[in-house]
>>> print(open('run.cif').read())   # mmCIF, N, CA, C and O atoms
data_coords
loop_
_atom_site.label_atom_id
_atom_site.label_comp_id
_atom_site.auth_asym_id
_atom_site.auth_seq_id
_atom_site.Cartn_x
_atom_site.Cartn_y
_atom_site.Cartn_z
N MET A 1107 83.64 91.49 109.24
CA MET A 1107 84.19 91.75 107.93
C MET A 1107 84.10 93.26 107.67
O MET A 1107 83.08 93.88 107.88
N LYS A 1108 85.19 93.83 107.18
CA LYS A 1108 85.22 95.25 106.85
C LYS A 1108 84.58 95.50 105.49
O LYS A 1108 84.62 94.66 104.60
N THR A 1109 84.01 96.68 105.36
CA THR A 1109 83.44 97.11 104.09
C THR A 1109 84.55 97.79 103.28
O THR A 1109 85.33 98.57 103.82
N LEU A 1110 84.61 97.47 101.98
CA LEU A 1110 85.57 98.14 101.10
C LEU A 1110 85.01 99.50 100.73
O LEU A 1110 83.86 99.61 100.31
N LEU A 1111 85.81 100.53 100.88
CA LEU A 1111 85.39 101.90 100.59
C LEU A 1111 86.34 102.50 99.57
O LEU A 1111 87.54 102.60 99.82
N TYR A 1112 85.81 102.87 98.41
CA TYR A 1112 86.59 103.48 97.33
C TYR A 1112 86.31 104.97 97.31
O TYR A 1112 85.15 105.38 97.25
N VAL A 1113 87.36 105.79 97.36
CA VAL A 1113 87.23 107.24 97.31
C VAL A 1113 87.83 107.71 96.00
O VAL A 1113 89.03 107.56 95.76
N PHE A 1114 86.99 108.27 95.13
CA PHE A 1114 87.42 108.80 93.84
C PHE A 1114 87.64 110.30 94.00
O PHE A 1114 86.77 111.00 94.54
N TYR A 1115 88.76 110.82 93.49
CA TYR A 1115 89.05 112.24 93.63
C TYR A 1115 89.96 112.71 92.51
O TYR A 1115 90.57 111.91 91.80
N GLY A 1116 90.02 114.03 92.33
CA GLY A 1116 90.84 114.63 91.26
C GLY A 1116 89.98 114.89 90.05
O GLY A 1116 88.87 115.41 90.16
N GLY A 1117 90.47 114.52 88.88
CA GLY A 1117 89.73 114.65 87.64
C GLY A 1117 90.09 115.88 86.83
O GLY A 1117 90.97 116.65 87.18
N LYS A 1118 89.40 116.03 85.71
CA LYS A 1118 89.68 117.10 84.75
C LYS A 1118 89.10 118.44 85.17
O LYS A 1118 89.32 119.43 84.52
N SER A 1119 88.37 118.48 86.24
CA SER A 1119 87.68 119.68 86.68
C SER A 1119 88.64 120.81 87.07
O SER A 1119 89.76 120.56 87.50
N VAL A 1120 88.17 122.04 86.95
CA VAL A 1120 88.95 123.18 87.43
C VAL A 1120 89.04 123.14 88.95
O VAL A 1120 89.88 123.83 89.54
N GLU A 1121 88.22 122.32 89.59
CA GLU A 1121 88.24 122.18 91.03
C GLU A 1121 89.04 120.96 91.48
O GLU A 1121 88.80 120.37 92.53
N HIS A 1122 90.03 120.59 90.68
CA HIS A 1122 90.89 119.44 90.95
C HIS A 1122 91.50 119.53 92.36
O HIS A 1122 91.46 118.57 93.12
N GLU A 1123 92.07 120.66 92.69
CA GLU A 1123 92.73 120.85 93.99
C GLU A 1123 91.73 120.76 95.15
O GLU A 1123 92.04 120.21 96.21
N ILE A 1124 90.53 121.26 94.95
CA ILE A 1124 89.50 121.18 95.99
C ILE A 1124 89.11 119.72 96.20
O ILE A 1124 88.90 119.28 97.34
N SER A 1125 89.03 118.97 95.12
CA SER A 1125 88.73 117.55 95.23
C SER A 1125 89.79 116.82 96.05
O SER A 1125 89.48 115.95 96.86
N LEU A 1126 91.07 117.17 95.85
CA LEU A 1126 92.15 116.56 96.62
C LEU A 1126 91.99 116.86 98.12
O LEU A 1126 92.12 115.98 98.97
N LYS A 1127 91.70 118.12 98.43
CA LYS A 1127 91.54 118.51 99.83
C LYS A 1127 90.34 117.82 100.47
O LYS A 1127 90.41 117.37 101.62
N THR A 1128 89.26 117.71 99.72
CA THR A 1128 88.07 117.04 100.24
C THR A 1128 88.35 115.56 100.48
O THR A 1128 87.99 115.01 101.53
N ALA A 1129 89.00 114.91 99.53
CA ALA A 1129 89.33 113.49 99.67
C ALA A 1129 90.23 113.27 100.88
O ALA A 1129 90.04 112.32 101.65
N TYR A 1130 91.20 114.14 101.05
CA TYR A 1130 92.12 114.03 102.19
C TYR A 1130 91.33 114.10 103.51
O TYR A 1130 91.53 113.27 104.40
N THR A 1131 90.43 115.06 103.61
CA THR A 1131 89.62 115.22 104.82
C THR A 1131 88.76 113.98 105.08
O THR A 1131 88.68 113.49 106.21
N VAL A 1132 88.14 113.48 104.03
CA VAL A 1132 87.30 112.28 104.16
C VAL A 1132 88.14 111.08 104.60
O VAL A 1132 87.77 110.35 105.52
N MET A 1133 89.29 110.89 103.97
CA MET A 1133 90.13 109.73 104.28
C MET A 1133 90.67 109.79 105.71
O MET A 1133 90.84 108.76 106.36
N GLN A 1134 90.94 110.99 106.20
CA GLN A 1134 91.41 111.13 107.57
C GLN A 1134 90.31 110.78 108.58
O GLN A 1134 90.60 110.37 109.69
N ALA A 1135 89.06 110.93 108.18
CA ALA A 1135 87.93 110.68 109.08
C ALA A 1135 87.42 109.24 109.05
O ALA A 1135 86.59 108.87 109.88
N ILE A 1136 87.89 108.44 108.14
CA ILE A 1136 87.40 107.06 107.99
C ILE A 1136 87.78 106.21 109.21
O ILE A 1136 88.92 106.24 109.66
N ASN A 1137 86.83 105.44 109.69
CA ASN A 1137 87.06 104.52 110.80
C ASN A 1137 87.71 103.26 110.23
O ASN A 1137 87.04 102.44 109.59
N GLU A 1138 89.00 103.09 110.49
CA GLU A 1138 89.75 101.97 109.93
C GLU A 1138 89.32 100.60 110.48
O GLU A 1138 89.64 99.58 109.88
N SER A 1139 88.62 100.60 111.60
CA SER A 1139 88.17 99.32 112.13
C SER A 1139 86.94 98.81 111.38
O SER A 1139 86.60 97.63 111.45
N LYS A 1140 86.27 99.70 110.63
CA LYS A 1140 85.07 99.33 109.89
C LYS A 1140 85.27 99.27 108.37
O LYS A 1140 84.49 98.62 107.67
N PHE A 1141 86.27 99.99 107.86
CA PHE A 1141 86.43 100.12 106.42
C PHE A 1141 87.86 99.84 105.97
O PHE A 1141 88.82 100.24 106.64
N ASP A 1142 88.00 99.18 104.82
CA ASP A 1142 89.27 99.10 104.09
C ASP A 1142 89.19 100.17 103.02
O ASP A 1142 88.28 100.15 102.17
N LEU A 1143 90.11 101.11 103.05
CA LEU A 1143 90.07 102.29 102.19
C LEU A 1143 90.95 102.13 100.95
O LEU A 1143 92.13 101.81 101.06
N TYR A 1144 90.35 102.38 99.78
CA TYR A 1144 91.06 102.31 98.50
C TYR A 1144 90.89 103.64 97.76
O TYR A 1144 89.87 103.86 97.12
N PRO A 1145 91.87 104.54 97.86
CA PRO A 1145 91.78 105.81 97.13
C PRO A 1145 92.02 105.60 95.64
O PRO A 1145 92.89 104.82 95.25
N ILE A 1146 91.24 106.29 94.81
CA ILE A 1146 91.43 106.24 93.36
C ILE A 1146 91.56 107.68 92.86
O ILE A 1146 90.60 108.44 92.90
N TYR A 1147 92.76 108.01 92.45
CA TYR A 1147 93.07 109.35 91.96
C TYR A 1147 92.85 109.42 90.45
O TYR A 1147 93.25 108.51 89.72
N ILE A 1148 92.20 110.48 90.00
CA ILE A 1148 91.98 110.70 88.56
C ILE A 1148 92.81 111.92 88.18
O ILE A 1148 92.63 113.02 88.73
N THR A 1149 93.76 111.72 87.27
CA THR A 1149 94.67 112.79 86.87
C THR A 1149 93.92 113.88 86.12
O THR A 1149 92.77 113.70 85.70
N ARG A 1150 94.59 114.99 85.89
CA ARG A 1150 94.00 116.09 85.12
C ARG A 1150 93.73 115.67 83.67
O ARG A 1150 92.93 116.31 82.98
N GLU A 1151 94.39 114.61 83.22
CA GLU A 1151 94.17 114.09 81.87
C GLU A 1151 93.08 113.02 81.82
O GLU A 1151 92.74 112.52 80.77
N GLY A 1152 92.58 112.62 82.99
CA GLY A 1152 91.49 111.65 83.04
C GLY A 1152 91.93 110.21 83.29
O GLY A 1152 91.09 109.31 83.24
N CYS A 1153 93.20 109.98 83.57
CA CYS A 1153 93.68 108.63 83.86
C CYS A 1153 93.44 108.28 85.32
O CYS A 1153 93.62 109.12 86.20
N TRP A 1154 93.02 107.05 85.57
CA TRP A 1154 92.78 106.58 86.92
C TRP A 1154 94.04 105.95 87.49
O TRP A 1154 94.75 105.21 86.79
N CYS A 1155 94.32 106.21 88.77
CA CYS A 1155 95.52 105.68 89.44
C CYS A 1155 95.14 105.21 90.84
O CYS A 1155 94.32 105.83 91.51
N SER A 1156 95.78 104.14 91.28
CA SER A 1156 95.58 103.68 92.64
C SER A 1156 96.82 102.95 93.11
O SER A 1156 97.45 102.22 92.34
N GLN A 1157 97.17 103.17 94.36
CA GLN A 1157 98.28 102.42 94.94
C GLN A 1157 97.76 101.28 95.81
O GLN A 1157 98.50 100.69 96.56
N GLY A 1158 96.47 101.02 95.70
CA GLY A 1158 95.87 99.93 96.46
C GLY A 1158 95.33 100.40 97.79
O GLY A 1158 95.01 101.58 97.98
N LYS A 1159 95.23 99.49 98.72
CA LYS A 1159 94.65 99.77 100.03
C LYS A 1159 95.52 100.77 100.80
O LYS A 1159 96.74 100.63 100.85
N LEU A 1160 94.87 101.75 101.39
CA LEU A 1160 95.55 102.75 102.21
C LEU A 1160 95.43 102.34 103.67
O LEU A 1160 94.34 102.04 104.15
N THR A 1161 96.56 102.29 104.35
CA THR A 1161 96.55 101.95 105.77
C THR A 1161 97.17 103.09 106.55
O THR A 1161 98.15 103.69 106.13
N GLY A 1162 96.58 103.39 107.67
CA GLY A 1162 97.10 104.44 108.53
C GLY A 1162 96.66 105.82 108.10
O GLY A 1162 96.09 106.02 107.03
N LYS A 1163 96.93 106.78 108.94
CA LYS A 1163 96.54 108.17 108.68
C LYS A 1163 97.76 109.06 108.47
O LYS A 1163 97.66 110.27 108.42
N ASP A 1164 98.93 108.46 108.37
CA ASP A 1164 100.17 109.22 108.26
C ASP A 1164 100.51 109.49 106.79
O ASP A 1164 101.42 108.88 106.22
N PHE A 1165 99.74 110.39 106.18
CA PHE A 1165 99.99 110.78 104.80
C PHE A 1165 99.58 112.23 104.61
O PHE A 1165 98.77 112.76 105.35
N ALA A 1166 100.18 112.86 103.61
CA ALA A 1166 99.88 114.26 103.29
C ALA A 1166 99.02 114.32 102.03
O ALA A 1166 98.94 113.33 101.28
N ILE A 1167 98.44 115.47 101.78
CA ILE A 1167 97.65 115.65 100.55
C ILE A 1167 98.50 115.34 99.32
O ILE A 1167 98.04 114.70 98.38
N SER A 1168 99.76 115.75 99.35
CA SER A 1168 100.64 115.52 98.19
C SER A 1168 100.85 114.03 97.92
O SER A 1168 101.11 113.63 96.78
N ASP A 1169 100.71 113.18 98.94
CA ASP A 1169 100.83 111.74 98.75
C ASP A 1169 99.66 111.15 97.97
O ASP A 1169 99.74 110.02 97.49
N LEU A 1170 98.57 111.90 97.86
CA LEU A 1170 97.39 111.42 97.15
C LEU A 1170 97.47 111.64 95.64
O LEU A 1170 96.66 111.13 94.89
N VAL A 1171 98.46 112.44 95.19
CA VAL A 1171 98.65 112.69 93.76
C VAL A 1171 99.58 111.60 93.23
O VAL A 1171 100.73 111.50 93.64
N LEU A 1172 99.07 110.78 92.32
CA LEU A 1172 99.81 109.63 91.80
C LEU A 1172 100.12 109.78 90.32
O LEU A 1172 99.44 110.51 89.61
N GLU A 1173 101.14 109.07 89.89
CA GLU A 1173 101.49 109.02 88.46
C GLU A 1173 100.71 107.90 87.80
O GLU A 1173 100.61 106.80 88.34
N ALA A 1174 100.18 108.19 86.63
CA ALA A 1174 99.40 107.19 85.89
C ALA A 1174 100.32 106.14 85.29
O ALA A 1174 101.33 106.46 84.66
N ALA A 1175 99.97 104.87 85.49
CA ALA A 1175 100.71 103.77 84.88
C ALA A 1175 100.32 103.62 83.41
O ALA A 1175 101.11 103.16 82.60
N GLU A 1176 99.10 104.01 83.08
CA GLU A 1176 98.58 103.93 81.72
C GLU A 1176 98.53 105.34 81.13
O GLU A 1176 98.26 106.29 81.85
N GLU A 1177 98.77 105.46 79.84
CA GLU A 1177 98.73 106.77 79.21
C GLU A 1177 97.35 107.15 78.69
O GLU A 1177 97.09 108.31 78.42
N GLU A 1178 96.47 106.19 78.54
CA GLU A 1178 95.14 106.43 78.02
C GLU A 1178 94.11 106.26 79.14
O GLU A 1178 94.16 105.28 79.88
N PRO A 1179 93.17 107.18 79.26
CA PRO A 1179 92.15 107.06 80.30
C PRO A 1179 91.40 105.72 80.27
O PRO A 1179 91.20 105.11 81.32
N ALA A 1180 91.02 105.26 79.10
CA ALA A 1180 90.25 104.01 79.01
C ALA A 1180 91.06 102.83 79.54
O ALA A 1180 90.54 101.99 80.27
N GLY A 1181 92.33 102.77 79.19
CA GLY A 1181 93.19 101.70 79.67
C GLY A 1181 93.37 101.75 81.17
O GLY A 1181 93.39 100.72 81.86
N SER A 1182 93.49 102.96 81.70
CA SER A 1182 93.69 103.10 83.15
C SER A 1182 92.43 102.70 83.91
O SER A 1182 92.52 102.07 84.96
N ILE A 1183 91.28 103.04 83.38
CA ILE A 1183 90.02 102.67 84.02
C ILE A 1183 89.88 101.15 84.04
O ILE A 1183 89.56 100.56 85.07
N GLY A 1184 90.15 100.52 82.93
CA GLY A 1184 90.07 99.06 82.85
C GLY A 1184 91.03 98.38 83.81
O GLY A 1184 90.68 97.40 84.48
N SER A 1185 92.23 98.91 83.92
CA SER A 1185 93.23 98.35 84.81
C SER A 1185 92.78 98.44 86.27
O SER A 1185 92.87 97.47 87.02
N ILE A 1186 92.27 99.60 86.67
CA ILE A 1186 91.82 99.79 88.05
C ILE A 1186 90.61 98.90 88.35
O ILE A 1186 90.55 98.24 89.38
N LEU A 1187 89.64 98.89 87.44
CA LEU A 1187 88.44 98.08 87.66
C LEU A 1187 88.79 96.60 87.80
O LEU A 1187 88.27 95.91 88.67
N THR A 1188 89.69 96.13 86.97
CA THR A 1188 90.08 94.72 87.01
C THR A 1188 90.85 94.40 88.28
O THR A 1188 90.58 93.40 88.94
N ARG A 1189 91.77 95.27 88.66
CA ARG A 1189 92.63 95.00 89.81
C ARG A 1189 91.92 95.19 91.14
O ARG A 1189 92.03 94.35 92.02
N LEU A 1190 91.18 96.27 91.31
CA LEU A 1190 90.61 96.59 92.61
C LEU A 1190 89.21 96.04 92.84
O LEU A 1190 88.86 95.73 93.98
N PHE A 1191 88.41 95.94 91.81
CA PHE A 1191 87.03 95.53 92.03
C PHE A 1191 86.81 94.04 91.84
O PHE A 1191 85.70 93.57 91.97
N ALA A 1192 87.85 93.29 91.60
CA ALA A 1192 87.73 91.85 91.41
C ALA A 1192 87.95 91.12 92.73
O ALA A 1192 88.57 90.09 92.78
N VAL A 1193 87.44 91.68 93.82
CA VAL A 1193 87.59 91.07 95.14
C VAL A 1193 86.34 90.25 95.42
O VAL A 1193 85.24 90.77 95.42
N GLN A 1194 86.53 88.99 95.70
CA GLN A 1194 85.41 88.09 95.93
C GLN A 1194 85.07 88.04 97.42
O GLN A 1194 85.93 88.08 98.27
N GLY A 1195 83.78 87.96 97.73
CA GLY A 1195 83.35 87.73 99.09
C GLY A 1195 83.37 88.93 100.00
O GLY A 1195 83.26 88.80 101.20
N LYS A 1196 83.50 90.14 99.46
CA LYS A 1196 83.50 91.35 100.29
C LYS A 1196 82.41 92.28 99.81
O LYS A 1196 82.13 92.38 98.62
N LYS A 1197 81.81 92.99 100.76
CA LYS A 1197 80.82 94.01 100.43
C LYS A 1197 81.55 95.23 99.88
O LYS A 1197 82.53 95.67 100.43
N VAL A 1198 81.08 95.78 98.76
CA VAL A 1198 81.70 96.93 98.13
C VAL A 1198 80.77 98.12 98.19
O VAL A 1198 79.60 98.03 97.85
N VAL A 1199 81.27 99.28 98.66
CA VAL A 1199 80.51 100.51 98.71
C VAL A 1199 81.15 101.48 97.72
O VAL A 1199 82.32 101.77 97.81
N LEU A 1200 80.37 101.95 96.74
CA LEU A 1200 80.88 102.91 95.74
C LEU A 1200 80.26 104.25 95.98
O LEU A 1200 79.15 104.38 96.36
#
>>> encode(input="run.cif", output="structure tokens")
Amino acid sequence: MKTLLYVFYGGKSVEHEISLKTAYTVMQAINESKFDLYPIYITREGCWCSQGKLTGKDFAISDLVLEAAEEEPAGSIGSILTRLFAVQGKKVVL
């Protein structure tokens, strides 16, 4: 059984771009045979975004920047937590 791995990156910080680069480097190094990778992007406004499970290594840093489906940070956090963390029977690493 693979371990679920959530990578949080971005955010309101002045180091937003550095966070993107760091997340990209980490995601490229993940062993896909051991982990299911779920990137969670936090916009500059504080909204959480996820496109779900990431498969493969064929993506650019720009692909990690997502549009928020929710306009309010609290709503986006609730949506992500409900959708991604409601997986039964799997080990979760935060």
>>> axis_aligned_box(input="run.cif", around="segment 1120-1139 of chain A", padding_each_side="4 Å", output="JSON")
{"center_x": 89.7, "center_y": 110.7, "center_z": 99.5, "size_x": 14.1, "size_y": 34.2, "size_z": 33.2}
>>> resolve_selection(input="run.cif", expression="the PyMOL selection byres ((chain A and resi 1146-1149) around 6)", output="ChimeraX atom specification")
/A:1112-1118,1144-1145,1150-1156,1170,1172
>>> atom_distance(input="run.cif", atom1="atom C of His1122 of chain A", atom2="atom O of Lys1108 of chain A")
28.6 Å
>>> atom_distance(input="run.cif", atom1="atom O of Ser1119 of chain A", atom2="atom CA of Asn1137 of chain A")
28.4 Å
>>> select_by_dssp(input="run.cif", residues="chain A", states="strand (DSSP E)", output="ChimeraX atom specification")
/A:1109-1116,1141-1148,1154-1155,1198-1199
>>> closest_residue(input="run.cif", among="A:Ile1124, A:Gly1184, A:Tyr1130, A:Asp1142", to="Met1107 of chain A", atoms="all atoms listed in the file")
A:Asp1142
>>> residues_around(input="run.cif", residues="Met1133 of chain A", least_positions_apart="5", cutoff="8 Å", atoms="all atoms listed in the file", output="list of chain:residue names")
A:Val1113, A:Leu1126, A:Lys1127, A:Thr1128, A:Glu1138, A:Leu1143, A:Leu1160, A:Gly1162, A:Lys1163
>>> atom_distance(input="run.cif", atom1="atom N of Glu1121 of chain A", atom2="atom C of Leu1190 of chain A")
26.5 Å
>>> select_by_dssp(input="run.cif", residues="chain A", states="alpha helix (DSSP H)", output="list in words")
His1122, Glu1123, Ile1124, Ser1125, Leu1126, Lys1127, Thr1128, Ala1129, Tyr1130, Thr1131, Val1132, Met1133, Gln1134, Ala1135, Pro1179, Ala1180, Gly1181, Ser1182, Ile1183, Gly1184, Ser1185, Ile1186, Leu1187, Thr1188, Arg1189 and Leu1190 of chain A
>>> decode(input="run.cif", residues="segment 1111-1171 of chain A", atoms="C-alpha atoms", output="compact mmCIF listing (two decimals), in the first residue's frame")
# COMPACT_ATOMS: atom_id res chain seq x y z
CA LEU A 1111 1.94 12.42 0.63
CA TYR A 1112 0.54 15.97 0.66
CA VAL A 1113 2.87 18.80 -0.38
CA PHE A 1114 1.70 22.28 0.66
CA TYR A 1115 3.32 25.21 -1.16
CA GLY A 1116 2.81 28.86 -2.12
CA GLY A 1117 0.99 31.08 0.35
CA LYS A 1118 0.87 34.75 1.26
CA SER A 1119 4.60 34.92 1.97
CA VAL A 1120 6.99 37.18 0.08
CA GLU A 1121 8.82 33.91 -0.61
CA HIS A 1122 5.90 32.53 -2.64
CA GLU A 1123 8.09 31.88 -5.71
CA ILE A 1124 10.76 30.13 -3.62
CA SER A 1125 8.08 27.88 -2.17
CA LEU A 1126 7.00 26.93 -5.72
CA LYS A 1127 10.57 26.07 -6.70
CA THR A 1128 11.11 24.04 -3.54
CA ALA A 1129 7.85 22.13 -4.01
CA TYR A 1130 8.76 21.39 -7.62
CA THR A 1131 12.14 19.99 -6.57
CA VAL A 1132 10.58 17.86 -3.83
CA MET A 1133 7.86 16.51 -6.13
CA GLN A 1134 10.39 15.58 -8.80
CA ALA A 1135 12.33 13.55 -6.20
CA ILE A 1136 9.36 11.58 -4.83
CA ASN A 1137 9.49 7.81 -5.34
CA GLU A 1138 6.19 7.10 -7.11
CA SER A 1139 6.35 3.41 -6.24
CA LYS A 1140 6.10 4.30 -2.52
CA PHE A 1141 3.97 7.46 -2.45
CA ASP A 1142 0.76 8.85 -3.96
CA LEU A 1143 1.47 12.57 -4.31
CA TYR A 1144 -1.19 15.25 -3.72
CA PRO A 1145 0.08 18.81 -4.26
CA ILE A 1146 -1.85 21.57 -2.47
CA TYR A 1147 -1.20 25.06 -3.77
CA ILE A 1148 -1.99 28.08 -1.58
CA THR A 1149 -2.62 31.25 -3.59
CA ARG A 1150 -1.20 34.65 -2.68
CA GLU A 1151 -4.67 35.42 -1.28
CA GLY A 1152 -4.61 32.35 0.98
CA CYS A 1153 -6.99 30.08 -0.96
CA TRP A 1154 -6.14 26.38 -1.13
CA CYS A 1155 -6.21 24.61 -4.52
CA SER A 1156 -5.60 21.04 -5.62
CA GLN A 1157 -6.03 19.15 -8.84
CA GLY A 1158 -5.89 15.86 -6.97
CA LYS A 1159 -3.33 13.12 -7.28
CA LEU A 1160 -0.25 13.98 -9.34
CA THR A 1161 1.05 11.23 -11.59
CA GLY A 1162 4.29 11.28 -13.51
CA LYS A 1163 7.15 13.74 -13.53
CA ASP A 1164 6.25 15.50 -16.78
CA PHE A 1165 5.22 18.89 -15.41
CA ALA A 1166 6.71 22.38 -15.13
CA ILE A 1167 6.78 24.76 -12.17
CA SER A 1168 4.10 26.83 -13.92
CA ASP A 1169 1.79 23.79 -13.85
CA LEU A 1170 1.85 23.95 -10.04
CA VAL A 1171 0.13 27.37 -9.97
